[in-house]
Number of protein chains: 2
Amino acid sequence: MSDPKPGLNSEQLGAYFALMEVSSLLQYAVDEHLRAEGDLSYVQFQILARLVDAPEGRLRMTDLADGVVYSRSGLTYQAGLLDKRGLISRSPSPDDERSVIVTVTDAGRELIAHVLPGHVDRVHQLLFESMPGEDLTALGAILGRVRDHMRAAPPRSAKPRAARNRTS
Amino acid sequence: MSDPKPGLNSEQLGAYFALMEVSSLLQYAVDEHLRAEGDLSYVQFQILARLVDAPEGRLRMTDLADGVVYSRSGLTYQAGLLDKRGLISRSPSPDDERSVIVTVTDAGRELIAHVLPGHVDRVHQLLFESMPGEDLTALGAILGRVRDHMRAAPPRSAKPRAARNRTS
DNA sequence: TATTGTTATACTCTATAACTATA
DNA sequence: TATAGTTATAGAGTATAACAATA
C-alpha cells in the first residue's frame, strides 16, 4: 500500500472546493448584474468586451470563438442575438472571403461603457474588498501560473475542430 | 491615495480574469469526465457527493438546495433524474410531513466511488500538479477568506424564496 | 399565513451534424 | 481536401409561477 496515486489531501480538497465556490458565486453575482443592467449574459458580455478591446473593435469569428471558449455554432447564435440588437455588425472579410469580421457598433460600446462600472464594482465588492494587498499579489501570481499550466495541456481547445498537429 | 471609486487596478483585473478562466477550464474538464465516466452532470455529482458525505446518507430537499446552490424546482428536476436512475430515493419525513428526505442508495454510493478517483485525478493534474506547497497553502487560505466574505453578504441565498421584505 | 416541495411551462443555451462557400 | 461560418435540430437545464399539503 504505498501510494503512487495520492488523490487529493485535505488541504487540496479545501482549496479546490473554495475555488469552485468562490468562482461560482462570483459569476452568479456578476451575471445577475449584467442581465439586470444591460440584458446581457456573461458570454455576451465577454464577446463585446473582447471586441471593445480589440484593435479596431473587430475580430474574425474564429478568433472570437477561440478567445471566448466555445463552439462555433454557439458563437453564431450569440452573434446573431447581438447583431439583432445592433450591438455588433458582421461583414465578410476582404482578405478571405470565407471569414466574417465582427465589429462592435457604437451602441455596443455604449452598452459596455454603461455596464462596466457596475460590473467592476461587484467584482471589487465581492472579491477584493476584504483582500489585503499581499493576498492579491499572491492570488494573481498563483492563478496565473495555474492558467499557464492548464493552457499548456489544452483540455478544451484540443478538439474544437481543427486537431492540427498531425504528428506524422 | 484616496480613491473613492477605485474600479479595479490591473493587478486586480488580472487576478479576476485568471480566477474565472481557471475555474471555467477546471469545471469544463471535470464535467466532461463525470459525464463520460458516470453520465453525471456536475450538479448531479455535487448532489450525490453531498449525500454521501451526510450523516446517514440523507438530507432534506431544502438543505440540499441550500448546499448545492440553486432553485427548488431545479433540484426537484435533478432529484427526479437521479431517482429514476436509482441513485437516490425520496421519502416523506416522519418529523415534518411537508419535508422530503433524500437518501443515497447503494447504487449511488457505488457510482460516486467509481467516479471519484478519476475526478480527483483530473483536479490534481490540472490544478495541483505544478503547484508548490506554499502556493497551495496560500491559495487555500486566501480563497477561504474570500468565501467567508462572500457568504457574509449572501448574494444568492438572500432571495431564494422568502425574504419578501415588504418595504411598505 | 408561512413553508416544503412539485408541476407546468416557457425559454435560453449548447452541441452535433449537415450544409454552403471559399482556399 | 481543409477551413470558415451558418443552419437545423434536438436536448439539457433553468427559472417563474401556480399549486397542494402541512405547520
# chains A, B, ... in the order shown; residues from 1 in each chain; ligands from 1

$ select_by_dssp --residues "chain B" --states "alpha helix (DSSP H)" --output "PyMOL selection string"
chain B and resi 10-38+42-53+61-67+72-84+106-123+133-152

$ residues_around --residues "DA8 of chain C" --least-positions-apart "2" --cutoff "12 Å" --atoms "only C-alpha atoms (C1' of nucleotides)" --output "list in words"
Ser73 of chain B; DT6 and DA10 of chain C; DT16, DA17, DA18 and DC19 of chain D

$ write_last_selection --atoms "N, CA and C atoms (P, O5', C5', C4', C3', O3' and C1' of nucleotides)" --output "PDB file, in the first residue's frame"
ATOM      1  N   SER B  73     -37.096  24.188  -7.782  1.00  0.00           N
ATOM      2  CA  SER B  73     -37.627  23.425  -8.917  1.00  0.00           C
ATOM      3  C   SER B  73     -36.485  22.740  -9.671  1.00  0.00           C
TER       4      SER B  73
ATOM      5  P    DT C   6     -40.089  17.141  -4.436  1.00  0.00           P
ATOM      6  O5'  DT C   6     -41.357  17.627  -5.282  1.00  0.00           O
ATOM      7  C5'  DT C   6     -42.610  17.008  -5.016  1.00  0.00           C
ATOM      8  C4'  DT C   6     -43.656  17.512  -5.999  1.00  0.00           C
ATOM      9  C3'  DT C   6     -43.305  17.261  -7.468  1.00  0.00           C
ATOM     10  O3'  DT C   6     -44.417  16.616  -8.070  1.00  0.00           O
ATOM     11  C1'  DT C   6     -43.906  19.532  -7.127  1.00  0.00           C
ATOM     12  P    DA C  10     -46.173  27.635 -22.537  1.00  0.00           P
ATOM     13  O5'  DA C  10     -45.433  29.039 -22.590  1.00  0.00           O
ATOM     14  C5'  DA C  10     -45.035  29.684 -21.385  1.00  0.00           C
ATOM     15  C4'  DA C  10     -43.549  29.947 -21.415  1.00  0.00           C
ATOM     16  C3'  DA C  10     -42.955  30.067 -22.827  1.00  0.00           C
ATOM     17  O3'  DA C  10     -42.323  31.315 -22.925  1.00  0.00           O
ATOM     18  C1'  DA C  10     -41.625  28.670 -21.462  1.00  0.00           C
TER      19       DA C  10
ATOM     20  P    DT D  16     -36.474  33.575 -11.535  1.00  0.00           P
ATOM     21  O5'  DT D  16     -38.030  33.506 -11.863  1.00  0.00           O
ATOM     22  C5'  DT D  16     -38.464  33.759 -13.195  1.00  0.00           C
ATOM     23  C4'  DT D  16     -39.937  33.444 -13.308  1.00  0.00           C
ATOM     24  C3'  DT D  16     -40.746  33.801 -12.051  1.00  0.00           C
ATOM     25  O3'  DT D  16     -41.833  34.623 -12.442  1.00  0.00           O
ATOM     26  C1'  DT D  16     -41.129  31.534 -12.692  1.00  0.00           C
ATOM     27  P    DA D  17     -42.744  35.283 -11.315  1.00  0.00           P
ATOM     28  O5'  DA D  17     -44.067  34.428 -11.478  1.00  0.00           O
ATOM     29  C5'  DA D  17     -44.381  33.864 -12.749  1.00  0.00           C
ATOM     30  C4'  DA D  17     -45.488  32.850 -12.574  1.00  0.00           C
ATOM     31  C3'  DA D  17     -46.395  33.126 -11.386  1.00  0.00           C
ATOM     32  O3'  DA D  17     -47.731  32.817 -11.747  1.00  0.00           O
ATOM     33  C1'  DA D  17     -45.455  30.988 -11.165  1.00  0.00           C
ATOM     34  P    DA D  18     -48.918  33.245 -10.828  1.00  0.00           P
ATOM     35  O5'  DA D  18     -49.709  31.865 -10.732  1.00  0.00           O
ATOM     36  C5'  DA D  18     -49.911  31.091 -11.908  1.00  0.00           C
ATOM     37  C4'  DA D  18     -50.196  29.655 -11.510  1.00  0.00           C
ATOM     38  C3'  DA D  18     -51.239  29.516 -10.395  1.00  0.00           C
ATOM     39  O3'  DA D  18     -52.153  28.496 -10.752  1.00  0.00           O
ATOM     40  C1'  DA D  18     -49.271  28.368  -9.797  1.00  0.00           C
ATOM     41  P    DC D  19     -53.375  28.179  -9.820  1.00  0.00           P
ATOM     42  O5'  DC D  19     -52.850  26.972  -8.933  1.00  0.00           O
ATOM     43  C5'  DC D  19     -52.602  25.709  -9.555  1.00  0.00           C
ATOM     44  C4'  DC D  19     -51.978  24.764  -8.556  1.00  0.00           C
ATOM     45  C3'  DC D  19     -52.747  24.587  -7.253  1.00  0.00           C
ATOM     46  O3'  DC D  19     -53.527  23.397  -7.332  1.00  0.00           O
ATOM     47  C1'  DC D  19     -50.372  24.666  -6.951  1.00  0.00           C
TER      48       DC D  19
END

$ atom_distance --atom1 "atom C1' of DT3 of chain D" --atom2 "atom C1' of DA23 of chain C"
7.6 Å

$ interface_residues --of "chain D" --to "chain A" --cutoff "8 Å" --atoms "only C-alpha atoms (C1' of nucleotides)" --output "PDB file with all heavy atoms, in the first residue's frame"
ATOM      1  P    DA D   4     -10.323  28.364 -40.203  1.00  0.00           P
ATOM      2  OP1  DA D   4      -9.456  29.503 -39.855  1.00  0.00           O
ATOM      3  OP2  DA D   4     -10.693  27.364 -39.186  1.00  0.00           O
ATOM      4  O5'  DA D   4     -11.645  28.923 -40.869  1.00  0.00           O
ATOM      5  C5'  DA D   4     -11.559  29.989 -41.788  1.00  0.00           C
ATOM      6  C4'  DA D   4     -12.933  30.613 -41.992  1.00  0.00           C
ATOM      7  O4'  DA D   4     -13.728  29.704 -42.780  1.00  0.00           O
ATOM      8  C3'  DA D   4     -13.702  30.850 -40.688  1.00  0.00           C
ATOM      9  O3'  DA D   4     -14.231  32.173 -40.702  1.00  0.00           O
ATOM     10  C2'  DA D   4     -14.790  29.803 -40.691  1.00  0.00           C
ATOM     11  C1'  DA D   4     -14.972  29.462 -42.159  1.00  0.00           C
ATOM     12  N9   DA D   4     -15.271  28.045 -42.385  1.00  0.00           N
ATOM     13  C8   DA D   4     -14.627  26.974 -41.855  1.00  0.00           C
ATOM     14  N7   DA D   4     -15.111  25.811 -42.237  1.00  0.00           N
ATOM     15  C5   DA D   4     -16.149  26.150 -43.085  1.00  0.00           C
ATOM     16  C6   DA D   4     -17.063  25.369 -43.816  1.00  0.00           C
ATOM     17  N6   DA D   4     -17.062  24.037 -43.807  1.00  0.00           N
ATOM     18  N1   DA D   4     -17.979  26.022 -44.564  1.00  0.00           N
ATOM     19  C2   DA D   4     -17.967  27.358 -44.566  1.00  0.00           C
ATOM     20  N3   DA D   4     -17.157  28.197 -43.923  1.00  0.00           N
ATOM     21  C4   DA D   4     -16.260  27.523 -43.194  1.00  0.00           C
ATOM     22  P    DG D   5     -14.918  32.687 -39.374  1.00  0.00           P
ATOM     23  OP1  DG D   5     -14.908  34.172 -39.363  1.00  0.00           O
ATOM     24  OP2  DG D   5     -14.366  31.937 -38.233  1.00  0.00           O
ATOM     25  O5'  DG D   5     -16.420  32.239 -39.616  1.00  0.00           O
ATOM     26  C5'  DG D   5     -17.138  32.873 -40.663  1.00  0.00           C
ATOM     27  C4'  DG D   5     -18.418  32.112 -40.944  1.00  0.00           C
ATOM     28  O4'  DG D   5     -18.121  30.736 -41.182  1.00  0.00           O
ATOM     29  C3'  DG D   5     -19.417  32.111 -39.787  1.00  0.00           C
ATOM     30  O3'  DG D   5     -20.431  33.064 -40.097  1.00  0.00           O
ATOM     31  C2'  DG D   5     -19.939  30.680 -39.748  1.00  0.00           C
ATOM     32  C1'  DG D   5     -19.314  30.023 -40.968  1.00  0.00           C
ATOM     33  N9   DG D   5     -18.993  28.609 -40.793  1.00  0.00           N
ATOM     34  C8   DG D   5     -18.005  28.059 -40.002  1.00  0.00           C
ATOM     35  N7   DG D   5     -17.960  26.757 -40.051  1.00  0.00           N
ATOM     36  C5   DG D   5     -18.979  26.422 -40.939  1.00  0.00           C
ATOM     37  C6   DG D   5     -19.415  25.157 -41.387  1.00  0.00           C
ATOM     38  O6   DG D   5     -18.972  24.033 -41.092  1.00  0.00           O
ATOM     39  N1   DG D   5     -20.473  25.266 -42.274  1.00  0.00           N
ATOM     40  C2   DG D   5     -21.042  26.455 -42.677  1.00  0.00           C
ATOM     41  N2   DG D   5     -22.050  26.380 -43.530  1.00  0.00           N
ATOM     42  N3   DG D   5     -20.650  27.648 -42.274  1.00  0.00           N
ATOM     43  C4   DG D   5     -19.618  27.556 -41.402  1.00  0.00           C
ATOM     44  P    DT D   6     -21.714  33.189 -39.185  1.00  0.00           P
ATOM     45  OP1  DT D   6     -22.297  34.513 -39.450  1.00  0.00           O
ATOM     46  OP2  DT D   6     -21.383  32.784 -37.810  1.00  0.00           O
ATOM     47  O5'  DT D   6     -22.676  32.107 -39.825  1.00  0.00           O
ATOM     48  C5'  DT D   6     -23.035  32.256 -41.189  1.00  0.00           C
ATOM     49  C4'  DT D   6     -24.066  31.202 -41.572  1.00  0.00           C
ATOM     50  O4'  DT D   6     -23.472  29.884 -41.432  1.00  0.00           O
ATOM     51  C3'  DT D   6     -25.319  31.205 -40.689  1.00  0.00           C
ATOM     52  O3'  DT D   6     -26.432  31.269 -41.567  1.00  0.00           O
ATOM     53  C2'  DT D   6     -25.236  29.896 -39.917  1.00  0.00           C
ATOM     54  C1'  DT D   6     -24.396  29.015 -40.832  1.00  0.00           C
ATOM     55  N1   DT D   6     -23.591  27.955 -40.183  1.00  0.00           N
ATOM     56  C2   DT D   6     -23.825  26.651 -40.498  1.00  0.00           C
ATOM     57  O2   DT D   6     -24.689  26.300 -41.280  1.00  0.00           O
ATOM     58  N3   DT D   6     -23.008  25.746 -39.852  1.00  0.00           N
ATOM     59  C4   DT D   6     -22.000  26.020 -38.959  1.00  0.00           C
ATOM     60  O4   DT D   6     -21.334  25.129 -38.459  1.00  0.00           O
ATOM     61  C5   DT D   6     -21.810  27.414 -38.673  1.00  0.00           C
ATOM     62  C7   DT D   6     -20.741  27.836 -37.717  1.00  0.00           C
ATOM     63  C6   DT D   6     -22.599  28.313 -39.285  1.00  0.00           C
TER      64       DT D   6
END

$ residues_around --residues "Gly108 of chain A" --least-positions-apart "4" --cutoff "8 Å" --atoms "only C-alpha atoms (C1' of nucleotides)" --output "ChimeraX atom specification"
/A:48,86-88,104,112

$ select_by_dssp --residues "segment 12-148 of chain B" --states "strand (DSSP E)" --output "MDAnalysis selection string"
chainID B and resid 58:60 88:92 100:104

$ write_last_selection --atoms "N, CA and C atoms" --output "PDB file, in the first residue's frame"
ATOM      1  N   ARG B  58     -28.370  10.982   4.059  1.00  0.00           N
ATOM      2  CA  ARG B  58     -29.683  11.570   3.825  1.00  0.00           C
ATOM      3  C   ARG B  58     -29.734  13.040   4.211  1.00  0.00           C
ATOM      4  N   LEU B  59     -30.512  13.768   3.447  1.00  0.00           N
ATOM      5  CA  LEU B  59     -30.706  15.197   3.684  1.00  0.00           C
ATOM      6  C   LEU B  59     -32.118  15.599   3.250  1.00  0.00           C
ATOM      7  N   ARG B  60     -32.582  16.670   3.828  1.00  0.00           N
ATOM      8  CA  ARG B  60     -33.864  17.215   3.370  1.00  0.00           C
ATOM      9  C   ARG B  60     -33.649  17.924   2.030  1.00  0.00           C
ATOM     10  N   ILE B  88     -30.742   7.726  -5.930  1.00  0.00           N
ATOM     11  CA  ILE B  88     -31.249   8.245  -4.656  1.00  0.00           C
ATOM     12  C   ILE B  88     -32.673   7.729  -4.474  1.00  0.00           C
ATOM     13  N   SER B  89     -33.173   7.873  -3.258  1.00  0.00           N
ATOM     14  CA  SER B  89     -34.591   7.604  -3.040  1.00  0.00           C
ATOM     15  C   SER B  89     -35.165   8.743  -2.223  1.00  0.00           C
ATOM     16  N   ARG B  90     -36.435   8.960  -2.352  1.00  0.00           N
ATOM     17  CA  ARG B  90     -37.085  10.053  -1.635  1.00  0.00           C
ATOM     18  C   ARG B  90     -38.252   9.519  -0.816  1.00  0.00           C
ATOM     19  N   SER B  91     -38.351  10.027   0.384  1.00  0.00           N
ATOM     20  CA  SER B  91     -39.484   9.627   1.207  1.00  0.00           C
ATOM     21  C   SER B  91     -39.867  10.780   2.119  1.00  0.00           C
ATOM     22  N   PRO B  92     -41.129  10.838   2.474  1.00  0.00           N
ATOM     23  CA  PRO B  92     -41.588  11.917   3.364  1.00  0.00           C
ATOM     24  C   PRO B  92     -40.906  11.822   4.710  1.00  0.00           C
ATOM     25  N   VAL B 100     -39.250  16.344   2.479  1.00  0.00           N
ATOM     26  CA  VAL B 100     -38.877  15.115   1.794  1.00  0.00           C
ATOM     27  C   VAL B 100     -37.424  14.820   2.133  1.00  0.00           C
ATOM     28  N   ILE B 101     -37.187  13.586   2.545  1.00  0.00           N
ATOM     29  CA  ILE B 101     -35.834  13.167   2.857  1.00  0.00           C
ATOM     30  C   ILE B 101     -35.248  12.434   1.660  1.00  0.00           C
ATOM     31  N   VAL B 102     -34.102  12.898   1.253  1.00  0.00           N
ATOM     32  CA  VAL B 102     -33.418  12.253   0.129  1.00  0.00           C
ATOM     33  C   VAL B 102     -32.307  11.379   0.685  1.00  0.00           C
ATOM     34  N   THR B 103     -32.216  10.166   0.177  1.00  0.00           N
ATOM     35  CA  THR B 103     -31.197   9.232   0.644  1.00  0.00           C
ATOM     36  C   THR B 103     -30.431   8.653  -0.543  1.00  0.00           C
ATOM     37  N   VAL B 104     -29.124   8.572  -0.394  1.00  0.00           N
ATOM     38  CA  VAL B 104     -28.348   7.909  -1.458  1.00  0.00           C
ATOM     39  C   VAL B 104     -28.572   6.433  -1.367  1.00  0.00           C
TER      40      VAL B 104
END

$ residues_around --residues "segment 123-129 of chain B" --least-positions-apart "2" --cutoff "12 Å" --atoms "only C-alpha atoms (C1' of nucleotides)" --output "ChimeraX atom specification"
/A:5-9,11-13,15-17,19-20,142-155 /B:19,22-31,33-34,116-121,131-137,139-140

$ residues_around --residues "DA10 of chain D" --least-positions-apart "6" --cutoff "12 Å" --atoms "only C-alpha atoms (C1' of nucleotides)" --output "PyMOL selection string"
chain C and resi 14-17

$ closest_residue --among "C:DT12, C:DT1, C:DT20, C:DT7" --to "chain B" --atoms "only C-alpha atoms (C1' of nucleotides)"
C:DT7

$ closest_residue --among "A:Phe45, A:Gly14, A:Asp66, A:Leu51" --to "Gln78 of chain A" --atoms "only C-alpha atoms"
A:Phe45

$ residues_around --residues "DC11 of chain C" --least-positions-apart "5" --cutoff "12 Å" --atoms "only C-alpha atoms (C1' of nucleotides)" --output "list in words"
DG13, DT14, DA15 and DT16 of chain D
